[in-house]
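Down below is the structure, laid out as structure tokens.
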Amino acid sequence: MGRSDPRKAVFSAKLGLALALISLLIFWKEPFPDISEHYVWAILTVVVVFEFSIGATFSKGFNRALGTLSAGGLALAMAEFAHLCERAGEPWDEVVIVISIFTIGSLATFAKLYPTWKAYEYGFRVFTLTYCYIMASGYRTNEFIDTAVSRFFLIALGAGVSLLVNVGIYPIWAGEDLHNLVVKNFYSVASSLEGCINQYLDCIEYKRIPSKILTYQAHEDRLYSGYRSAVESTSQEDALLGFAIWEPPHGAYKINKYPWRNFVKVSGALRHCSFMVMALHGCILSEIQAPADRRRVFRDELQRVGTAGAKVLRELGNKVKKMEKLGSLNILDEVLKAAEDLQKKVDQKSYLLVDSNSWEIGKPPIEIHDPQDFLKTEDPYAYHGYHSFSETLLDLGKSRTTESESTNLPVEGTNGLHKSLTRQFSYKPERMVIPDEADTYKSASVLSLVTFTSLLIEFVARLGNLVVAFEELSEIAKFKAPPTESGGRVEDEICGMWTRLCRFLKPTSRNDQNVLV
């Protein structure tokens, strides 16, 4: 774990340093001896507030400070009210304290369940804890004000030490993690798309589909884990977004109120595309597969669309990583042209995508003017089926040989318990094959190629929404112009003052002087 993410080791050391610094309060004696008696509140604050990222630390610190202040003020007001009630009789102050604890605890717990206030859930917990502690402890010592002030001071001290150590030593930003996660999803979906196309065209089938894939669990299959990581990253993105909005401008994210929500929006558009990749993988996992000879007919067009689509995803991923805008050329030109060529090829070779044995060509429907004549006609819409002339020319019957039929069948089923559609008439030689059942399978196997093609074209159509979301992000976040359009201005922006001064003072060579002369 330390090698995969060294930041975790650094974070652990930073937390230990903060605890060591705050534990010095144990030895505090003057001028406020009460601090050494209640130092535990500062230590608890460090343990609770100190989070992995800067945004999470700021969020926890704000919630703890807000909950402590509001609860302390309310507890002091309620303590004064209890003292007033004490004049009426001995038990009335106790009744007021118990009723106030019940009321405040119930309302605070109900409020933190409100969806809009979910980000302040920790603040409500601190509010409830602080109020109950001040009321109970103040009643015993009869020092409500001292209890509230000392608790608030120690909590503020613990939160301040946590922020200084966490921000000052190797800061870890949630915004950067969100940025890197979105870039990683682009590359993962692109790899899965290429893998789906290559496996489908190479007629690679699973001998036995892993049970984890069937139940949509984590699996080592790269093709499967690529798009799954993009689909399953919603909760992680929401958590990082909730912390990133608390972080101040830093590094490359110097805009006040940086548009982190647009990063999540771009990731959502990418996830919308990854659903199509998931469906393409489902075609590979399907037991009903298209014949290999039919796939070879559309091999070049399918390969072009898959390669161009993966290229678009990687290009957008690089742009997000470098925080650059798109160039003047349309990034979708190549993939749209490839998809158009694929659609034309499907239209030209549409006769390969149906089983010609089931074609019915005959007399056109009889026009019936009187509804009573319809009852006299045996079947006015009956079509007399016979093979088309195109089948004779193309000799499609050769493709329905025993060898081609065997390529449609998976080597093994998904498991040994359930019977598949393919085995119903293929793996039982003692059972007579029903012709209609076999024809149904043949039609479904050919139509699976249509499904794969239409899903790939739909993926290309969804890329448009992804590009629009990226362009919106690049404008709001003020991404830099691409190097081809900005020329030398990018270098000027990257170079600092000292670099420019050194270049100015650097002596020129003789060749440069001759050129100047």
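In the structure tokens, chains take letters A, B, ... by order of appearance, with residues numbered from 1 within each chain and ligands from 1 in the order shown.
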
Within 12 Å of region 97-103 of chain A using only C-alpha atoms, minus same-chain residues under 5 positions, as a VMD selection string: chain A and resid 71 74 to 83 85 to 86 91 to 92 108 to 110 127 to 139

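With distances restricted to only C-alpha atoms, A:Arg151 is the closest residue to Leu44 (chain A) from A:Lys311, A:Lys112, A:Arg151, A:Lys14.
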
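Nearest residue to Tyr253 (chain A) among A:Met323, A:Ala469, A:Leu25, A:Ala218 is A:Met323, counting only C-alpha atoms.
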
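Residues in contact with Ser454 (chain A) at up to 12 Å, not including ones fewer than 2 positions away on its chain and judged by only C-alpha atoms, are Met276, Val277, Ala279, Leu280, Cys283, Leu302, Val305, Ala339, Glu340, Leu342, Gln343, Val346, Leu447, Ser448, Leu449, Val450, Thr451, Phe452, Leu456, Ile457, Glu458, Phe459, Val460 and Ala461 of chain A.
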
Glu205 (chain A) proximity check over A:Ile284, A:Leu164, A:Leu463, A:Val335, using only C-alpha atoms: winner is A:Ile284
